[in-house]
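Engineer: For reference, this is start.txt, and it has compact mmCIF, C-alpha atoms and all ligand atoms.
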# COMPACT_ATOMS: atom_id res chain seq x y z
CA MET A 1 28.12 40.17 14.33
CA SER A 2 29.52 39.21 10.95
CA ASP A 3 26.56 36.87 10.82
CA ILE A 4 24.22 39.80 10.95
CA THR A 5 26.13 41.70 8.24
CA ALA A 6 26.05 38.62 6.00
CA ILE A 7 22.35 38.15 6.55
CA GLU A 8 21.71 41.81 5.72
CA GLN A 9 23.72 41.60 2.51
CA GLU A 10 21.95 38.43 1.48
CA ALA A 11 18.52 39.84 2.24
CA LEU A 12 19.21 43.09 0.40
CA ALA A 13 20.49 41.16 -2.61
CA ALA A 14 17.35 38.98 -2.65
CA ILE A 15 15.18 42.09 -2.42
CA ALA A 16 16.99 43.75 -5.32
CA ALA A 17 16.67 40.56 -7.37
CA ALA A 18 12.91 40.19 -6.80
CA GLY A 19 11.42 40.76 -10.28
CA ASP A 20 7.78 41.17 -9.26
CA LEU A 21 5.56 41.73 -6.27
CA ALA A 22 5.05 38.01 -5.63
CA ALA A 23 8.82 37.32 -5.55
CA LEU A 24 9.32 40.30 -3.25
CA ASP A 25 6.65 39.05 -0.89
CA ALA A 26 8.36 35.66 -0.76
CA VAL A 27 11.55 37.41 0.42
CA ARG A 28 9.58 39.33 3.04
CA VAL A 29 8.04 36.13 4.38
CA ALA A 30 11.42 34.37 4.42
CA GLU A 31 13.06 37.20 6.41
CA LEU A 32 10.40 39.03 8.36
CA GLY A 33 7.49 36.58 8.39
CA LYS A 34 6.50 34.83 11.61
CA LYS A 35 8.88 31.98 10.85
CA GLY A 36 11.36 34.15 8.94
CA ARG A 37 15.08 34.30 9.50
CA VAL A 38 15.28 37.82 11.00
CA SER A 39 12.21 37.20 13.12
CA GLY A 40 13.87 34.01 14.40
CA LEU A 41 16.96 35.94 15.48
CA MET A 42 14.80 38.55 17.22
CA GLY A 43 12.95 35.77 19.00
CA ALA A 44 16.20 34.33 20.25
CA LEU A 45 17.00 37.59 22.08
CA GLY A 46 14.82 36.49 24.96
CA LYS A 47 17.03 33.54 25.67
CA MET A 48 20.24 35.59 25.81
CA SER A 49 22.02 36.89 28.87
CA PRO A 50 21.36 40.57 29.62
CA GLU A 51 24.84 41.58 28.33
CA GLU A 52 24.48 39.64 25.12
CA ARG A 53 21.01 41.07 24.59
CA LYS A 54 22.33 44.60 25.08
CA ALA A 55 24.92 44.05 22.37
CA GLN A 56 22.76 42.09 19.92
CA GLY A 57 19.47 43.92 20.39
CA PRO A 58 20.36 47.19 18.63
CA LEU A 59 22.15 45.34 15.84
CA LEU A 60 19.17 43.11 15.16
CA ASN A 61 16.81 46.07 15.30
CA THR A 62 18.90 47.88 12.73
CA LEU A 63 18.90 44.78 10.55
CA LYS A 64 15.13 44.50 10.78
CA THR A 65 14.62 48.18 9.98
CA ARG A 66 16.95 48.08 6.98
CA VAL A 67 15.37 44.98 5.49
CA ASP A 68 11.94 46.42 6.13
CA GLU A 69 12.85 49.69 4.47
CA ALA A 70 14.50 47.99 1.49
CA ILE A 71 11.33 45.94 0.94
CA ARG A 72 9.18 49.07 1.13
CA VAL A 73 11.28 50.92 -1.44
CA ARG A 74 11.42 47.95 -3.79
CA LYS A 75 7.69 47.42 -3.47
CA ALA A 76 6.94 51.02 -4.45
CA ALA A 77 9.25 50.69 -7.47
CA LEU A 78 7.65 47.41 -8.60
CA GLU A 79 4.14 48.84 -8.19
CA ALA A 80 5.03 51.91 -10.21
CA ALA A 81 6.48 49.73 -12.96
CA GLU A 82 3.38 47.54 -12.98
CA LEU A 83 1.09 50.59 -13.28
CA GLU A 84 3.26 51.99 -16.04
CA ALA A 85 3.00 48.71 -17.97
CA ARG A 86 -0.78 48.65 -17.51
CA LEU A 87 -1.17 52.24 -18.65
CA VAL A 88 0.76 51.46 -21.81
CA THR A 89 -1.46 48.49 -22.72
CA GLU A 90 -4.72 50.20 -21.71
CA ARG A 91 -3.96 53.45 -23.47
CA VAL A 92 -6.94 55.06 -25.23
CA ASP A 93 -6.50 58.00 -27.54
CA LEU A 94 -9.70 59.98 -27.13
CA THR A 95 -8.88 62.20 -30.06
CA LEU A 96 -9.24 59.28 -32.50
CA PRO A 97 -12.66 58.67 -34.15
CA PRO A 98 -14.55 55.72 -32.58
CA ALA A 99 -13.63 52.36 -34.05
CA PRO A 100 -16.52 50.94 -36.09
CA GLY A 101 -18.31 47.92 -34.65
CA PRO A 102 -19.48 47.05 -31.17
CA GLY A 103 -17.70 49.97 -29.52
CA GLU A 104 -19.62 52.62 -31.44
CA GLY A 105 -22.31 54.59 -29.62
CA ALA A 106 -25.80 55.01 -31.03
CA LEU A 107 -28.51 57.61 -30.70
CA HIS A 108 -31.53 56.39 -28.73
CA PRO A 109 -34.64 56.07 -30.95
CA VAL A 110 -36.49 58.62 -28.80
CA MET A 111 -33.77 61.20 -29.44
CA GLN A 112 -33.80 60.34 -33.15
CA VAL A 113 -37.57 60.84 -33.28
CA PHE A 114 -37.25 64.18 -31.41
CA GLU A 115 -34.80 65.25 -34.11
CA GLU A 116 -37.07 64.06 -36.92
CA ILE A 117 -40.11 65.88 -35.50
CA ALA A 118 -38.08 69.05 -34.95
CA ALA A 119 -36.83 68.87 -38.56
CA ILE A 120 -40.36 68.57 -39.95
CA PHE A 121 -41.82 71.40 -37.87
CA GLY A 122 -38.66 73.44 -38.22
CA ASP A 123 -39.34 73.35 -41.96
CA MET A 124 -42.78 74.87 -41.24
CA GLY A 125 -41.25 77.75 -39.27
CA PHE A 126 -41.51 76.39 -35.73
CA THR A 127 -38.68 76.93 -33.25
CA VAL A 128 -37.87 74.72 -30.27
CA ALA A 129 -38.82 75.90 -26.77
CA GLU A 130 -38.22 74.22 -23.44
CA GLY A 131 -39.39 74.50 -19.84
CA PRO A 132 -38.59 73.00 -16.44
CA ASP A 133 -39.45 69.39 -15.50
CA ILE A 134 -40.43 70.57 -12.01
CA GLU A 135 -43.43 72.84 -12.43
CA ASP A 136 -45.78 74.72 -10.18
CA ASP A 137 -49.46 73.96 -10.02
CA TRP A 138 -50.35 77.22 -11.79
CA HIS A 139 -48.37 76.50 -14.98
CA ASN A 140 -49.20 72.78 -15.09
CA PHE A 141 -52.92 73.10 -14.33
CA THR A 142 -54.51 76.40 -13.32
CA ALA A 143 -53.33 78.60 -16.20
CA LEU A 144 -54.32 75.77 -18.57
CA ASN A 145 -57.92 76.13 -17.43
CA PHE A 146 -58.04 73.17 -15.05
CA PRO A 147 -60.16 74.75 -12.28
CA LEU A 148 -59.28 73.79 -8.69
CA GLY A 149 -60.99 70.53 -7.83
CA HIS A 150 -61.65 69.76 -11.52
CA PRO A 151 -61.70 65.97 -12.09
CA ALA A 152 -59.26 66.31 -15.04
CA ARG A 153 -56.53 67.07 -12.49
CA GLU A 154 -57.02 63.58 -11.05
CA THR A 155 -56.68 61.83 -14.43
CA HIS A 156 -53.03 62.83 -14.72
CA ASP A 157 -51.79 60.71 -11.76
CA THR A 158 -49.54 63.56 -10.76
CA PHE A 159 -46.32 63.19 -8.79
CA PHE A 160 -46.41 65.90 -6.14
CA MET A 161 -43.21 67.17 -4.53
CA LYS A 162 -42.94 68.03 -0.85
CA ALA A 163 -44.20 71.60 -0.40
CA MET A 164 -41.80 74.35 0.70
CA GLU A 165 -43.00 76.26 3.71
CA GLY A 166 -45.92 78.54 2.93
CA ASP A 167 -46.05 77.29 -0.68
CA THR A 168 -48.21 74.88 -2.66
CA PRO A 169 -46.44 71.63 -3.61
CA LYS A 170 -44.55 71.66 -6.89
CA VAL A 171 -45.28 68.87 -9.38
CA LEU A 172 -43.31 66.87 -11.90
CA ARG A 173 -44.97 68.23 -15.03
CA THR A 174 -47.61 65.82 -16.29
CA HIS A 175 -47.44 67.17 -19.85
CA THR A 176 -45.44 69.66 -21.95
CA SER A 177 -48.42 72.06 -22.13
CA PRO A 178 -47.11 74.33 -19.30
CA VAL A 179 -44.46 75.46 -21.80
CA GLN A 180 -47.33 76.93 -23.87
CA VAL A 181 -48.09 79.14 -20.88
CA ARG A 182 -44.46 80.09 -20.25
CA THR A 183 -43.98 81.04 -23.92
CA MET A 184 -47.18 83.08 -24.20
CA MET A 185 -46.28 84.98 -21.00
CA GLU A 186 -42.85 85.87 -22.41
CA GLU A 187 -43.37 86.35 -26.12
CA LYS A 188 -45.73 88.38 -28.26
CA PRO A 189 -47.64 86.68 -31.09
CA PRO A 190 -47.03 85.48 -33.73
CA ILE A 191 -45.80 82.37 -31.93
CA ARG A 192 -44.84 79.03 -33.47
CA ILE A 193 -43.11 76.72 -31.04
CA LEU A 194 -42.33 73.05 -30.71
CA VAL A 195 -41.63 71.68 -27.23
CA PRO A 196 -39.85 68.36 -26.82
CA GLY A 197 -39.48 67.15 -23.25
CA ARG A 198 -39.86 64.63 -20.47
CA VAL A 199 -43.15 64.31 -18.63
CA TYR A 200 -44.15 62.27 -15.58
CA ARG A 201 -47.21 60.32 -14.48
CA ASN A 202 -47.61 57.66 -11.83
CA ASP A 203 -48.23 54.78 -14.25
CA TRP A 204 -46.36 51.54 -14.91
CA ASP A 205 -47.12 48.68 -17.34
CA ALA A 206 -46.03 47.43 -20.81
CA THR A 207 -47.11 50.65 -22.54
CA HIS A 208 -46.77 53.20 -19.69
CA THR A 209 -43.65 54.28 -17.85
CA PRO A 210 -43.59 56.89 -15.06
CA MET A 211 -41.37 59.12 -17.20
CA PHE A 212 -42.05 59.45 -20.90
CA HIS A 213 -41.55 61.94 -23.72
CA GLN A 214 -43.92 64.36 -25.39
CA VAL A 215 -43.73 66.94 -28.11
CA GLU A 216 -46.04 69.91 -27.84
CA GLY A 217 -46.83 72.39 -30.57
CA LEU A 218 -48.33 75.85 -30.27
CA VAL A 219 -49.28 78.38 -32.94
CA ILE A 220 -50.70 81.80 -32.01
CA GLU A 221 -51.43 84.22 -34.83
CA LYS A 222 -54.27 86.36 -36.13
CA GLY A 223 -57.01 84.45 -37.94
CA ILE A 224 -55.83 80.93 -37.08
CA HIS A 225 -58.57 78.30 -37.36
CA MET A 226 -59.13 74.55 -37.26
CA GLY A 227 -58.23 74.24 -40.96
CA HIS A 228 -54.67 75.35 -40.21
CA LEU A 229 -54.47 72.81 -37.40
CA LYS A 230 -55.65 69.96 -39.61
CA GLY A 231 -53.43 70.86 -42.56
CA CYS A 232 -50.39 71.20 -40.36
CA LEU A 233 -50.88 67.88 -38.59
CA ILE A 234 -51.74 65.91 -41.74
CA ASP A 235 -48.57 67.25 -43.40
CA PHE A 236 -46.63 66.29 -40.30
CA VAL A 237 -47.91 62.70 -40.19
CA LYS A 238 -47.12 62.14 -43.89
CA ALA A 239 -43.61 63.50 -43.47
CA PHE A 240 -42.96 61.62 -40.24
CA PHE A 241 -44.09 58.20 -41.48
CA GLU A 242 -42.58 58.92 -44.89
CA VAL A 243 -45.76 58.01 -46.81
CA ASP A 244 -47.66 59.86 -49.56
CA THR A 245 -51.16 59.21 -48.27
CA VAL A 246 -52.55 59.44 -44.77
CA VAL A 247 -56.24 58.95 -44.17
CA SER A 248 -57.10 60.71 -40.93
CA ARG A 249 -60.00 61.89 -38.80
CA PHE A 250 -60.29 64.40 -35.99
CA ARG A 251 -62.49 62.82 -33.35
CA PRO A 252 -64.06 65.21 -30.79
CA HIS A 253 -62.42 64.94 -27.39
CA PHE A 254 -61.99 66.96 -24.20
CA PHE A 255 -58.98 68.88 -22.92
CA PRO A 256 -59.53 71.77 -20.49
CA PHE A 257 -57.07 74.00 -22.39
CA THR A 258 -58.48 73.64 -25.93
CA GLU A 259 -61.94 74.25 -27.37
CA PRO A 260 -62.85 72.54 -29.58
CA SER A 261 -60.57 69.60 -28.76
CA ALA A 262 -59.89 66.52 -30.82
CA GLU A 263 -57.84 63.38 -31.02
CA MET A 264 -56.28 62.70 -34.40
CA ASP A 265 -56.68 59.13 -35.66
CA VAL A 266 -54.94 57.70 -38.71
CA LYS A 267 -55.73 54.60 -40.72
CA TYR A 268 -53.32 51.72 -40.61
CA SER A 269 -53.01 48.11 -41.65
CA ARG A 270 -51.25 45.14 -40.18
CA LYS A 271 -48.79 43.22 -42.37
CA GLY A 272 -47.82 40.21 -40.26
CA ASP A 273 -46.11 41.63 -37.20
CA ALA A 274 -45.56 45.00 -38.82
CA ILE A 275 -47.84 48.01 -38.87
CA GLU A 276 -48.23 50.30 -41.88
CA ILE A 277 -49.51 53.78 -41.17
CA GLY A 278 -51.52 55.74 -43.75
CA GLU A 279 -54.14 53.45 -45.19
CA GLY A 280 -55.91 50.31 -44.07
CA ASP A 281 -58.93 49.06 -42.22
CA ARG A 282 -58.18 50.22 -38.67
CA TRP A 283 -57.95 53.54 -36.84
CA MET A 284 -55.16 54.46 -34.47
CA GLU A 285 -55.09 57.47 -32.19
CA ILE A 286 -51.82 59.34 -32.46
CA LEU A 287 -52.17 62.75 -30.84
CA GLY A 288 -54.34 65.26 -29.00
CA CYS A 289 -55.03 68.75 -30.31
CA GLY A 290 -57.42 71.66 -30.41
CA MET A 291 -57.93 75.41 -30.61
CA VAL A 292 -56.36 77.19 -27.64
CA HIS A 293 -59.11 77.95 -25.12
CA PRO A 294 -59.88 81.71 -24.76
CA ASN A 295 -59.40 81.37 -20.97
CA VAL A 296 -55.84 80.14 -21.53
CA LEU A 297 -55.08 83.06 -23.86
CA ARG A 298 -56.50 85.49 -21.27
CA ASN A 299 -54.55 83.83 -18.42
CA CYS A 300 -51.40 84.50 -20.44
CA GLY A 301 -52.23 88.10 -21.31
CA ILE A 302 -53.32 87.52 -24.92
CA ASP A 303 -56.62 88.96 -26.15
CA PRO A 304 -58.67 86.10 -27.68
CA ASP A 305 -60.60 88.62 -29.77
CA VAL A 306 -57.37 89.53 -31.57
CA HIS A 307 -55.29 86.36 -31.59
CA GLN A 308 -56.27 82.73 -31.95
CA GLY A 309 -54.22 79.61 -31.98
CA PHE A 310 -54.01 75.88 -32.02
CA ALA A 311 -52.02 73.41 -29.96
CA PHE A 312 -51.20 69.73 -30.13
CA GLY A 313 -49.38 67.19 -28.03
CA MET A 314 -48.09 63.73 -28.78
CA GLY A 315 -46.34 60.84 -27.05
CA VAL A 316 -42.94 60.42 -28.64
CA ASP A 317 -42.14 56.99 -27.20
CA ARG A 318 -45.19 55.52 -28.87
CA LEU A 319 -44.49 57.28 -32.19
CA ALA A 320 -40.98 55.79 -32.11
CA MET A 321 -42.44 52.33 -31.41
CA LEU A 322 -44.83 52.67 -34.36
CA LYS A 323 -42.27 53.98 -36.81
CA TYR A 324 -39.40 51.67 -35.92
CA GLY A 325 -41.34 48.53 -34.92
CA MET A 326 -40.29 48.23 -31.30
CA PRO A 327 -42.82 46.04 -29.54
CA ASP A 328 -42.16 46.97 -25.90
CA LEU A 329 -41.60 50.28 -24.13
CA ARG A 330 -39.66 49.01 -21.12
CA PRO A 331 -36.29 48.33 -22.85
CA TYR A 332 -36.23 52.06 -23.73
CA PHE A 333 -35.05 52.74 -20.22
CA GLU A 334 -32.88 49.69 -19.51
CA ALA A 335 -29.73 51.05 -21.20
CA ASP A 336 -28.92 47.63 -22.70
CA PRO A 337 -26.14 48.33 -25.24
CA GLN A 338 -27.28 45.45 -27.44
CA TRP A 339 -30.77 46.94 -27.71
CA THR A 340 -29.39 50.42 -28.38
CA ARG A 341 -27.09 49.04 -31.08
CA HIS A 342 -30.01 47.24 -32.71
CA TYR A 343 -32.56 50.08 -32.56
CA GLY A 344 -30.21 53.07 -32.28
CA PHE A 345 -29.17 55.57 -34.96
CA SER A 346 -25.93 57.08 -36.09
CA PRO A 347 -25.29 60.22 -34.08
CA TRP A 348 -23.63 61.78 -37.14
CA LEU A 349 -26.63 61.72 -39.49
CA THR A 350 -28.90 64.62 -38.53
CA PRO A 351 -32.41 64.15 -39.95
CA SER A 352 -33.69 66.84 -42.28
CA VAL A 353 -36.75 67.13 -44.47
CA SER A 354 -34.73 67.72 -47.62
CA GLY A 355 -31.89 65.31 -46.83
CA GLY A 356 -34.03 62.49 -45.46
CA LEU A 357 -35.40 61.74 -42.04
CA SER A 358 -34.29 58.20 -41.29
N1 LIG B 1 -51.36 67.90 -22.94
C1 LIG B 1 -52.20 66.89 -23.55
C2 LIG B 1 -51.85 65.54 -22.91
O1 LIG B 1 -50.84 65.41 -22.28
C3 LIG B 1 -51.99 66.84 -25.03
C4 LIG B 1 -52.47 68.08 -25.74
C5 LIG B 1 -51.61 69.13 -25.96
C6 LIG B 1 -53.77 68.18 -26.20
C7 LIG B 1 -52.03 70.29 -26.64
C8 LIG B 1 -54.21 69.30 -26.84
C9 LIG B 1 -53.35 70.35 -27.05
O2 LIG B 1 -52.60 64.60 -23.05
If you took the structure in this file and wrote it as structure tokens, what would it be?
Structural biologist:
Amino acid sequence: MSDITAIEQEALAAIAAAGDLAALDAVRVAELGKKGRVSGLMGALGKMSPEERKAQGPLLNTLKTRVDEAIRVRKAALEAAELEARLVTERVDLTLPPAPGPGEGALHPVMQVFEEIAAIFGDMGFTVAEGPDIEDDWHNFTALNFPLGHPARETHDTFFMKAMEGDTPKVLRTHTSPVQVRTMMEEKPPIRILVPGRVYRNDWDATHTPMFHQVEGLVIEKGIHMGHLKGCLIDFVKAFFEVDTVVSRFRPHFFPFTEPSAEMDVKYSRKGDAIEIGEGDRWMEILGCGMVHPNVLRNCGIDPDVHQGFAFGMGVDRLAMLKYGMPDLRPYFEADPQWTRHYGFSPWLTPSVSGGLS
């Protein structure tokens, strides 16, 4: 019996002395493991006479329970201490400004370019409008004068959603133009809006991703004509590329929702790997535009005999590539921090026309 008391005292002392989880586990193995001391004594019970077993059994059980319990308590204490120590070394004070260097976040070039475009048009009196990414067929196509079965619907490689019962399938908007419709339905002219947003088409190669970014513009006022459209867009391109001269042309094109429609091309030159926009010996297409089609105005409750307007739409990812010399579109969406650090912008410097864009 005194044997058992001595063993208990020894075991409890070893448990108390264990300075870390590994040392504690060594004590557990030595006492309670398969070949441990306490386990050995329990094993020996089988060889005892019934009387001896009756006397020793409860004592050994108590010993086992106490050692077990002492290990459990010590383990919890050691774990808590370990966590405490880790919390102290890993402490982050979120109220401090970010440390300069590799830990600092950066604004994605697409977001920077959204801001720059909004600053330029904001200066011309445009306000930002937004609409849903999941659109219905009417806003994305029908109201924009794409008749049912019109081939232009097919050219958009639309992602269709599963239709709700008794409904036509919703679509992931293929362009930001449905926000023209939403705005004209809700607001009275004069209207001057700029619509940044994500758009979706089933396309995938070096220069096309299934989700990309557009900015749409819409002006509806009395007496608006093509001259206003051209002046506005030429001023925009100069401001955006931060150049004094931009040679441009408006090449006739087709969009169902504008008439006449055009694509705007600008001259550029190649200097080695770099591209300079404004002058040069080549043309580059940069956006689509036109006078809002009378059918679209009527569909949105605006009388085309009273109000006219122009609209334009451009791909922001490509504009960012051109302005900041990024050769490939795919890394835009890979969230590689090294790429973002290289091409990203300070989130604290908001672009403005007077204070500087980039
Ligand atoms: N929505 C057209 C597109 O995605 C762009 C556009 C917008 C053209 C407004 C004219 C007017 O290609």
Engineer: Hey, which residues sit close to ligand LIG 1 (chain B)? Say within 9 Å, counting all atoms listed in the file, and write them as a ChimeraX atom specification.
Structural biologist: /A:156,174-178,180,199,214-218,254-258,261-263,287-292,310-315
Engineer: If we count all atoms listed in the file and set the cut-off at 10 Å, which residues sit around region 228-241 of chain A, ignoring sequence neighbours fewer than 4 positions away in its own chain? Please answer as a ChimeraX atom specification.
Structural biologist: /A:113,116-117,119-121,124,218-219,223-224,245-250,264,266,276-278,286-287,289-291,309-312,319,322-324,353,356-358
Engineer: Under the rule that all atoms listed in the file are counted, which of A:Pro196, A:Gly301, A:Pro327, A:Pro151 is the nearest residue to Arg182 (chain A)?
Structural biologist: A:Gly301
Engineer: Give the answer as one residue: which of A:Asp167, A:Gly122, A:Val110, A:Asn299 has the shortest atom-to-atom distance to Asp137 (chain A), using only C-alpha atoms?
Structural biologist: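 Residue with the minimum atom-to-atom distance to Asp137 (chain A): A:Asp167.
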Engineer: Select all residues near (23.9, 42.0, 16.5) (cut-off 10 Å, inclusive, file coordinates), counting all atoms listed in the file, and output them as an MDAnalysis selection string.
Structural biologist: chainID A and resid 1:5 41:42 45 52:63
Engineer: Closest to Gly280 (chain A) among A:Trp138, A:Tyr268, A:Pro337, A:Ala152, using all atoms listed in the file?
Structural biologist: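 Ranking A:Trp138, A:Tyr268, A:Pro337, A:Ala152 by distance to Gly280 (chain A), first place goes to A:Tyr268.
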Engineer: Work out how far CA of Ala81 (chain A) is from CA of Leu24 (chain A), in Å to one decimal.
Structural biologist: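 These two atoms are separated by 13.8 Å.
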Engineer: Within 10 Å of Val38 (chain A), counting all atoms listed in the file, which residues qualify if same-chain residues fewer than 4 places away don't, as a list in words?
Structural biologist: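 Once the nearby chain positions are removed, what remains is Ile4, Ile7, Glu8, Ala11, Arg28, Val29, Ala30, Glu31, Leu32, Gly33, Lys34, Met42, Gly43, Ala44, Leu60, Asn61, Leu63, Lys64 and Val67 of chain A.
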Engineer: Would you compute an axis-aligned box for region 163-171 of chain A, covering every atom listed for it in the file with 3 Å of margin on each side, and report centre and edge lengths in Å to one decimal as AutoDock Vina command-line options?
Structural biologist:
--center_x -45.0 --center_y 73.7 --center_z -2.8 --size_x 12.4 --size_y 15.7 --size_z 19.1
Engineer: Tell me, in Å to one decimal, how far CA of Ala85 (chain A) is from CA of Asp68 (chain A).
Structural biologist: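 Pair CA of Ala85 (chain A) / CA of Asp68 (chain A) returns 25.8 Å.
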Engineer: CA of Trp283 (chain A) and CA of Gly344 (chain A), how far apart in Å?
Structural biologist: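 Computing it gives 28.1 Å between the two atoms.
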Engineer: Please determine, counting only C-alpha atoms, which residue among A:Asp123, A:Asn145, A:Arg74, A:Lys162 has the shortest atom-to-atom distance to Pro294 (chain A).
Structural biologist: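 Looking at the shortest contact to Pro294 (chain A), the residue is A:Asn145.
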Engineer: Please determine, counting all atoms listed in the file, which residue among A:Ala118, A:Met185, A:His253, A:Val171 has the shortest atom-to-atom distance to Tyr200 (chain A).
Structural biologist: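 Counting all atoms listed in the file, the residue closest to Tyr200 (chain A) is A:Val171.
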